[in-house]
Amino acid sequence: MTITQLYYVLAVAENQNFTKAAEKCFVTQPTLSMQIQKLEDQLDVQIFDRSKKPIELTDIGRKIVTQARNIVNESYRIQDIVDQQKGFIGGEFKLGIIPTVMPTLLPMFLKTFITKHPKIKLKIEELTTEELIIRIKDGHLDAAIASTPLEDDSIKERVLYFEPFVSYIPKEHRLHTNKKINISDLDINDMLLLEDGHCFRDGVINLCKVLKNHSDDQFQLESGSIETLIKLSNEGLGMTLLPFLHTLDINDKEKENLHYFNEPSPAREVSIIYHKSELKMQIIEALQDVISSVVRGAIAFQDVKIISPLPKK
């Protein structure tokens with residue numbers, strides 16, 4: 001049994017096709033098939049049910065894939081040990097970021113990071129929290145930036161910053177004349193939300209659940225982007241809540257609709273998350289240092305105090 005054979009097994013399990021798996025592994029299909037067959041012969045089991053289209057794992061195959069993923073991930077640790085001993089911070093690093101963080105955070109830290117660490121080749125994807133967790137567990141992402149806590153034993157979290165909520169309240173709204181607002185002022189029934197699947201949407205709902213019970217079927221108007229929520233709010237369709245970093249780039253006219261919370265301000269916890277195997281920790285720590293420094297500096301410059309994270313469900 002070799003690491004290479006296990007790597008081939010993982011590729012077939014992911015792609016459910018020997019030809020596609022071979023292409024991903026940069027080998028010929030006969031070579032990949034032969035190595036997997038040798039492993040099956042050695043173990044005296046069938047890992048894949050080749051009669052199914054697409055190919056499926058057998059019951060024992062699913063257990064083998066789970067263990068194979070652990071073994072392959074642990075094998076990468078050897079290179080990590082060598083890199084850390086040499087003080088090397090570089091190589092490819094696959095990073096995922098949730099949609100409500102990506103457009104504001106990435107421009108803030110990317111140039112600084114690549115200038116400070118030119119040997120790191122970042123590959124960045126925008127994905128939902130659920131997709132991030134799956135890809136981290138499957139080994140397709142080295143780390144991600146998401147709203148936490150996730151309460152997943154296989155995922156580790158390092159808090160980068162707490163980002164306050166800011167109310168966006170148009171002139172026609174009942175709360176517009178308030179200089180600052182309290183959580184108790186919020187009414188979920190006149191609030192515009194992101195569509196289902198966004199963790200920021202869940203955070204707003206959790207915030208309002210602290211005040212009163214309601215059912216999700218009350219929400220009639222939802223959108224896929226924060227920019228759309230602002231436009232809908234400008235049309236008098238309700239108020240919305242924005243992550244603080246999104247407020248830095250809106251125009252002066254729209255800034256008149258921003259209302260901060262009385263202290264302690266509700267905020268969301270934003271963290272860098274990664275697998276418990278802790279691979280490529282030197283790069284994760286480098287990201288944490290740069291992002292925390294840049295964001296906290298931006299928030300401090302605006303004189304916004306961050307005290308409390310979102311209430312848990």
# chains A, B, ... in the order shown; residues from 1 in each chain; ligands from 1

call {"tool": "closest_atom_pairs", "arguments": {"of": "region 149-174 of chain A", "to": "region 123-133 of chain A", "cutoff": "12 Å", "atoms": "only C-alpha atoms", "output": "CSV"}}
result
residue,atom,partner,partner_atom,distance
A:Pro149,CA,A:Thr129,CA,11.2
A:Leu150,CA,A:Thr129,CA,9.1
A:Glu151,CA,A:Ile133,CA,11.3
A:Asp152,CA,A:Ile133,CA,9.0
A:Asp153,CA,A:Ile133,CA,11.3
A:Ser154,CA,A:Ile133,CA,9.3
A:Ile155,CA,A:Ile133,CA,7.8
A:Lys156,CA,A:Ile133,CA,10.7
A:Glu157,CA,A:Ile133,CA,11.7

call {"tool": "select_by_dssp", "arguments": {"residues": "region 34-263 of chain A", "states": "helix (DSSP H, G or I)", "output": "ChimeraX atom specification"}}
result
/A:34-43,59-86,102-116,129-138,183-185,188-190,199-209,216-218,226-234,244-249,252-255

call {"tool": "residues_around", "arguments": {"residues": "Ser233 (chain A)", "least_positions_apart": "5", "cutoff": "10 Å", "atoms": "only C-alpha atoms", "output": "list in words"}}
result
Tyr168, Ile169, Pro170, Lys171, Glu172, His173, Met191, Leu192, Glu227, Thr228, Gly238, Met239, Thr240 and Asn257 of chain A

call {"tool": "write_last_selection", "arguments": {"atoms": "C-alpha atoms", "output": "PDB file, in the first residue's frame"}}
result
ATOM      1  CA  TYR A 168     -29.253  51.147   7.092  1.00  0.00           C
ATOM      2  CA  ILE A 169     -32.488  53.096   7.586  1.00  0.00           C
ATOM      3  CA  PRO A 170     -34.057  55.181   4.769  1.00  0.00           C
ATOM      4  CA  LYS A 171     -35.624  58.573   5.498  1.00  0.00           C
ATOM      5  CA  GLU A 172     -39.208  57.282   5.339  1.00  0.00           C
ATOM      6  CA  HIS A 173     -38.583  54.640   7.997  1.00  0.00           C
ATOM      7  CA  MET A 191     -36.305  44.213   7.625  1.00  0.00           C
ATOM      8  CA  LEU A 192     -34.764  43.237   4.285  1.00  0.00           C
ATOM      9  CA  GLU A 227     -25.826  45.998  -2.580  1.00  0.00           C
ATOM     10  CA  THR A 228     -29.325  45.003  -3.696  1.00  0.00           C
ATOM     11  CA  GLY A 238     -37.722  48.471   4.591  1.00  0.00           C
ATOM     12  CA  MET A 239     -34.502  48.794   6.564  1.00  0.00           C
ATOM     13  CA  THR A 240     -31.576  46.402   6.592  1.00  0.00           C
ATOM     14  CA  ASN A 257     -28.944  56.467   6.268  1.00  0.00           C
TER      15      ASN A 257
END

call {"tool": "closest_residue", "arguments": {"among": "A:Pro243, A:Gly96, A:Gly61, A:Pro266", "to": "Ile181 (chain A)", "atoms": "only C-alpha atoms"}}
result
A:Pro266

call {"tool": "select_by_dssp", "arguments": {"residues": "region 38-229 of chain A", "states": "strand (DSSP E or B)", "output": "NGL selection string"}}
result
:A and (48-49 or 56-57 or 91-97 or 120-126 or 143-148 or 155-168 or 180-181 or 191 or 193-194 or 222-223)

call {"tool": "write_last_selection", "arguments": {"atoms": "C-alpha atoms", "output": "short mmCIF file (atom, residue, chain, number, x, y, z; two decimals), in the first residue's frame"}}
result
data_model
loop_
_atom_site.label_atom_id
_atom_site.label_comp_id
_atom_site.auth_asym_id
_atom_site.auth_seq_id
_atom_site.Cartn_x
_atom_site.Cartn_y
_atom_site.Cartn_z
CA PHE A 48 -15.44 0.79 -6.07
CA ASP A 49 -18.58 -0.66 -7.63
CA GLU A 56 -19.84 4.42 -6.61
CA LEU A 57 -17.97 3.48 -3.47
CA GLY A 91 3.77 27.37 -2.11
CA GLU A 92 0.17 27.02 -3.22
CA PHE A 93 -2.53 27.84 -0.69
CA LYS A 94 -6.24 27.38 -1.41
CA LEU A 95 -8.44 29.83 0.48
CA GLY A 96 -12.23 30.10 0.53
CA ILE A 97 -14.18 33.19 1.64
CA ILE A 120 2.81 32.13 -1.52
CA LYS A 121 0.51 31.42 -4.46
CA LEU A 122 -3.02 32.10 -3.25
CA LYS A 123 -5.98 30.46 -4.96
CA ILE A 124 -9.16 32.11 -3.70
CA GLU A 125 -12.79 31.02 -4.10
CA GLU A 126 -16.04 32.61 -2.96
CA ALA A 143 -8.37 27.28 4.99
CA ALA A 144 -11.32 29.64 4.75
CA ILE A 145 -12.66 32.87 6.17
CA ALA A 146 -16.17 32.60 7.59
CA SER A 147 -18.52 33.82 10.27
CA THR A 148 -18.13 31.73 13.42
CA ILE A 155 -12.76 22.39 12.10
CA LYS A 156 -10.51 24.74 14.07
CA GLU A 157 -11.16 28.49 14.29
CA ARG A 158 -8.94 31.51 14.88
CA VAL A 159 -10.82 34.76 15.38
CA LEU A 160 -9.65 37.54 13.04
CA TYR A 161 -11.99 40.31 14.15
CA PHE A 162 -15.48 41.18 15.36
CA GLU A 163 -17.39 43.17 12.75
CA PRO A 164 -20.20 45.40 14.06
CA PHE A 165 -23.67 45.54 12.55
CA VAL A 166 -24.73 48.91 11.21
CA SER A 167 -28.38 49.74 10.49
CA TYR A 168 -29.25 51.15 7.09
CA LYS A 180 -28.50 55.62 17.50
CA ILE A 181 -30.67 52.55 17.88
CA MET A 191 -36.31 44.21 7.63
CA LEU A 193 -32.64 40.07 4.42
CA LEU A 194 -30.20 38.15 2.32
CA GLU A 222 -34.99 38.54 0.21
CA SER A 223 -31.97 39.25 -2.00
#

call {"tool": "closest_residue", "arguments": {"among": "A:Glu263, A:Glu285, A:Asp41, A:Asp138", "to": "Glu14 (chain A)", "atoms": "only C-alpha atoms"}}
result
A:Asp138

call {"tool": "closest_residue", "arguments": {"among": "A:Ile134, A:Ile89, A:Arg268, A:Asn17", "to": "Lys116 (chain A)", "atoms": "only C-alpha atoms"}}
result
A:Ile89

call {"tool": "residues_around", "arguments": {"residues": "Pro107 (chain A)", "least_positions_apart": "2", "cutoff": "12 Å", "atoms": "only C-alpha atoms", "output": "list in words"}}
result
Val101, Met102, Pro103, Thr104, Leu105, Phe109, Leu110, Lys111, Thr112, Phe113, Ile114, Leu245, His246, Asp249, Ile291, Val294 and Val295 of chain A

call {"tool": "closest_residue", "arguments": {"among": "A:Ile71, A:Ile283, A:Asn182, A:Pro30", "to": "Pro118 (chain A)", "atoms": "only C-alpha atoms"}}
result
A:Ile283

call {"tool": "atom_distance", "arguments": {"atom1": "CA of Pro99 (chain A)", "atom2": "CA of Ser271 (chain A)"}}
result
14.1 Å

call {"tool": "closest_residue", "arguments": {"among": "A:Gln35, A:Thr115, A:Gln46, A:Ser184", "to": "Ile3 (chain A)", "atoms": "only C-alpha atoms"}}
result
A:Gln35

call {"tool": "closest_residue", "arguments": {"among": "A:Lys38, A:Lys119, A:His275, A:Lys255", "to": "Met1 (chain A)", "atoms": "only C-alpha atoms"}}
result
A:Lys38

call {"tool": "atom_distance", "arguments": {"atom1": "CA of Ser51 (chain A)", "atom2": "CA of Lys63 (chain A)"}}
result
19.5 Å
